[in-house]
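Note sheet for the following structure.
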Amino acid sequence: QVQLVESGGGSVQAGGSLRLSCAASGYTYSRYCMGWFRQAPGKEREGIASISTRSGTTYYSDSVKGRFAISQDDAKNTLYLQMNSLKPEDTAMYYCAADGSSTCGGLWLRRRPNYWGQGTQVTVSS
């Protein structure tokens, strides 16, 4: 089993920054791929960033590339999402997710990973 707990959401003005955290516990092999997804009201869930916890390889959706950065702190078993240059369209519930997949790129972001956190709300005002 894997447990994921997000934190760091909040309200910010357009152009601002936030950093989300995801504290992970459970079997390491069950979270070889970790990432961030988001869902705005009335919209489909969108996978935006992923990382291979073994190689450190990252992948981003076009909607956040160049503005968001995913990273991990192995010592703290924590995943981060640094969000810069935030836009009102970034407003959504953000979820941390993980599973034991061997590849963690664009296809992984379009699937539904096995483990999910409870989500943290990000609101960006114009």
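A note on labels: chains of the structure tokens are A, B, ... as shown, every chain counts residues from 1, and ligands are counted from 1 in their shown order.
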Contacts of segment 25-28 of chain A at 8 Å (only C-alpha atoms; same-chain gap of 5+ positions) as a PyMOL selection string: chain A and resi 1-4+77
Would you kindly return, as a PDB file with N, CA and C atoms, in the first residue's frame, each protein, DNA or RNA residue with an atom no farther than 12 Å from any atom of Gly117 of chain A, considering only C-alpha atoms and excluding same-chain residues fewer than 5 positions away?
```
ATOM      1  N   VAL A   2       0.351   2.292  -0.578  1.00  0.00           N
ATOM      2  CA  VAL A   2       1.017   3.589  -0.620  1.00  0.00           C
ATOM      3  C   VAL A   2       0.043   4.635  -0.092  1.00  0.00           C
ATOM      4  N   GLN A   3       0.539   5.490   0.762  1.00  0.00           N
ATOM      5  CA  GLN A   3      -0.261   6.608   1.252  1.00  0.00           C
ATOM      6  C   GLN A   3       0.371   7.901   0.755  1.00  0.00           C
ATOM      7  N   LEU A   4      -0.463   8.789   0.280  1.00  0.00           N
ATOM      8  CA  LEU A   4      -0.013  10.066  -0.263  1.00  0.00           C
ATOM      9  C   LEU A   4      -0.809  11.192   0.382  1.00  0.00           C
ATOM     10  N   VAL A   5      -0.107  12.194   0.893  1.00  0.00           N
ATOM     11  CA  VAL A   5      -0.767  13.316   1.548  1.00  0.00           C
ATOM     12  C   VAL A   5      -0.226  14.616   0.970  1.00  0.00           C
ATOM     13  N   GLU A   6      -1.108  15.367   0.292  1.00  0.00           N
ATOM     14  CA  GLU A   6      -0.698  16.624  -0.317  1.00  0.00           C
ATOM     15  C   GLU A   6      -0.864  17.779   0.657  1.00  0.00           C
ATOM     16  N   SER A   7      -0.084  18.821   0.414  1.00  0.00           N
ATOM     17  CA  SER A   7      -0.222  20.071   1.157  1.00  0.00           C
ATOM     18  C   SER A   7       0.344  21.198   0.310  1.00  0.00           C
ATOM     19  N   SER A  21       3.421  20.001  -1.906  1.00  0.00           N
ATOM     20  CA  SER A  21       4.185  18.873  -1.371  1.00  0.00           C
ATOM     21  C   SER A  21       3.301  17.650  -1.307  1.00  0.00           C
ATOM     22  N   CYS A  22       3.919  16.489  -1.440  1.00  0.00           N
ATOM     23  CA  CYS A  22       3.211  15.223  -1.333  1.00  0.00           C
ATOM     24  C   CYS A  22       4.075  14.281  -0.516  1.00  0.00           C
ATOM     25  N   ALA A  23       3.654  14.033   0.719  1.00  0.00           N
ATOM     26  CA  ALA A  23       4.372  13.114   1.588  1.00  0.00           C
ATOM     27  C   ALA A  23       3.939  11.694   1.280  1.00  0.00           C
ATOM     28  N   ALA A  24       4.901  10.842   0.973  1.00  0.00           N
ATOM     29  CA  ALA A  24       4.593   9.474   0.545  1.00  0.00           C
ATOM     30  C   ALA A  24       5.096   8.467   1.557  1.00  0.00           C
ATOM     31  N   SER A  25       4.359   7.401   1.711  1.00  0.00           N
ATOM     32  CA  SER A  25       4.794   6.275   2.532  1.00  0.00           C
ATOM     33  C   SER A  25       4.322   4.995   1.869  1.00  0.00           C
ATOM     34  N   MET A  34       5.753   8.774  -9.970  1.00  0.00           N
ATOM     35  CA  MET A  34       4.938   9.685  -9.172  1.00  0.00           C
ATOM     36  C   MET A  34       4.648  10.916 -10.015  1.00  0.00           C
ATOM     37  N   GLY A  35       3.521  11.535  -9.728  1.00  0.00           N
ATOM     38  CA  GLY A  35       3.187  12.690 -10.540  1.00  0.00           C
ATOM     39  C   GLY A  35       2.077  13.518  -9.951  1.00  0.00           C
ATOM     40  N   TRP A  36       1.767  14.563 -10.658  1.00  0.00           N
ATOM     41  CA  TRP A  36       0.713  15.494 -10.266  1.00  0.00           C
ATOM     42  C   TRP A  36      -0.349  15.563 -11.349  1.00  0.00           C
ATOM     43  N   PHE A  37      -1.583  15.524 -10.890  1.00  0.00           N
ATOM     44  CA  PHE A  37      -2.743  15.648 -11.752  1.00  0.00           C
ATOM     45  C   PHE A  37      -3.593  16.794 -11.214  1.00  0.00           C
ATOM     46  N   ARG A  38      -4.441  17.323 -12.046  1.00  0.00           N
ATOM     47  CA  ARG A  38      -5.341  18.362 -11.578  1.00  0.00           C
ATOM     48  C   ARG A  38      -6.693  18.225 -12.254  1.00  0.00           C
ATOM     49  N   LEU A  79       7.397  14.413  -2.564  1.00  0.00           N
ATOM     50  CA  LEU A  79       7.344  14.895  -3.937  1.00  0.00           C
ATOM     51  C   LEU A  79       6.908  16.352  -3.899  1.00  0.00           C
ATOM     52  N   MET A  93      -8.245  21.464  -8.384  1.00  0.00           N
ATOM     53  CA  MET A  93      -7.813  20.597  -7.307  1.00  0.00           C
ATOM     54  C   MET A  93      -6.615  19.815  -7.837  1.00  0.00           C
ATOM     55  N   TYR A  94      -5.540  19.822  -7.076  1.00  0.00           N
ATOM     56  CA  TYR A  94      -4.322  19.150  -7.486  1.00  0.00           C
ATOM     57  C   TYR A  94      -4.130  17.881  -6.658  1.00  0.00           C
ATOM     58  N   TYR A  95      -3.817  16.806  -7.383  1.00  0.00           N
ATOM     59  CA  TYR A  95      -3.660  15.499  -6.756  1.00  0.00           C
ATOM     60  C   TYR A  95      -2.271  14.934  -7.028  1.00  0.00           C
ATOM     61  N   CYS A  96      -1.725  14.306  -6.026  1.00  0.00           N
ATOM     62  CA  CYS A  96      -0.497  13.533  -6.155  1.00  0.00           C
ATOM     63  C   CYS A  96      -0.905  12.078  -6.423  1.00  0.00           C
ATOM     64  N   ALA A  97      -0.174  11.405  -7.288  1.00  0.00           N
ATOM     65  CA  ALA A  97      -0.495  10.026  -7.616  1.00  0.00           C
ATOM     66  C   ALA A  97       0.783   9.227  -7.809  1.00  0.00           C
ATOM     67  N   ALA A  98       0.662   7.919  -7.682  1.00  0.00           N
ATOM     68  CA  ALA A  98       1.836   7.050  -7.803  1.00  0.00           C
ATOM     69  C   ALA A  98       1.432   5.636  -8.171  1.00  0.00           C
TER      70      ALA A  98
END
```
Nearest residue to Arg31 of chain A from the set A:Lys65, A:Gly119, A:Ser50, A:Gly100 (distances using only C-alpha atoms): A:Gly100
Selection: 10 Å around Pro41 of chain A, only C-alpha atoms, excl. self and same-chain fewer than 4 positions, as JSON, numbers by chain: {"A": [45, 91, 92, 93]}
Nearest residue to Leu20 of chain A from the set A:Trp108, A:Cys33, A:Gly8, A:Ser71 (distances using only C-alpha atoms): A:Gly8
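Each of A:Glu89, A:Glu46, A:Asp74, A:Asp99 was compared to Tyr60 of chain A using only C-alpha atoms, and A:Glu46 turns out to be the nearest.
Note that atom CA of Val12 of chain A and atom CA of Arg110 of chain A are 27.6 Å apart.
Distance check against Asn84 of chain A using only C-alpha atoms: of A:Gly66, A:Gly42, A:Gly56, A:Gly106, the minimum falls on A:Gly66.
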Those of segment 82-115 of chain A in DSSP alpha helix (DSSP H), formatted as an MDAnalysis selection string: chainID A and resid 106:109
Minimum-distance residue to Tyr59 of chain A, chosen among A:Thr123, A:Ser30, A:Trp116, A:Gly47 (using only C-alpha atoms): A:Gly47
Picked from segment 12-89 of chain A by DSSP as strand (DSSP E or B), as a VMD selection string: chain A and resid 12 to 13 18 to 26 33 to 39 46 to 52 58 to 60 68 to 73 78 to 83
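Atom pair atom CA of Lys76 of chain A / atom CA of Arg111 of chain A has a distance of 26.6 Å (rounded to one decimal).
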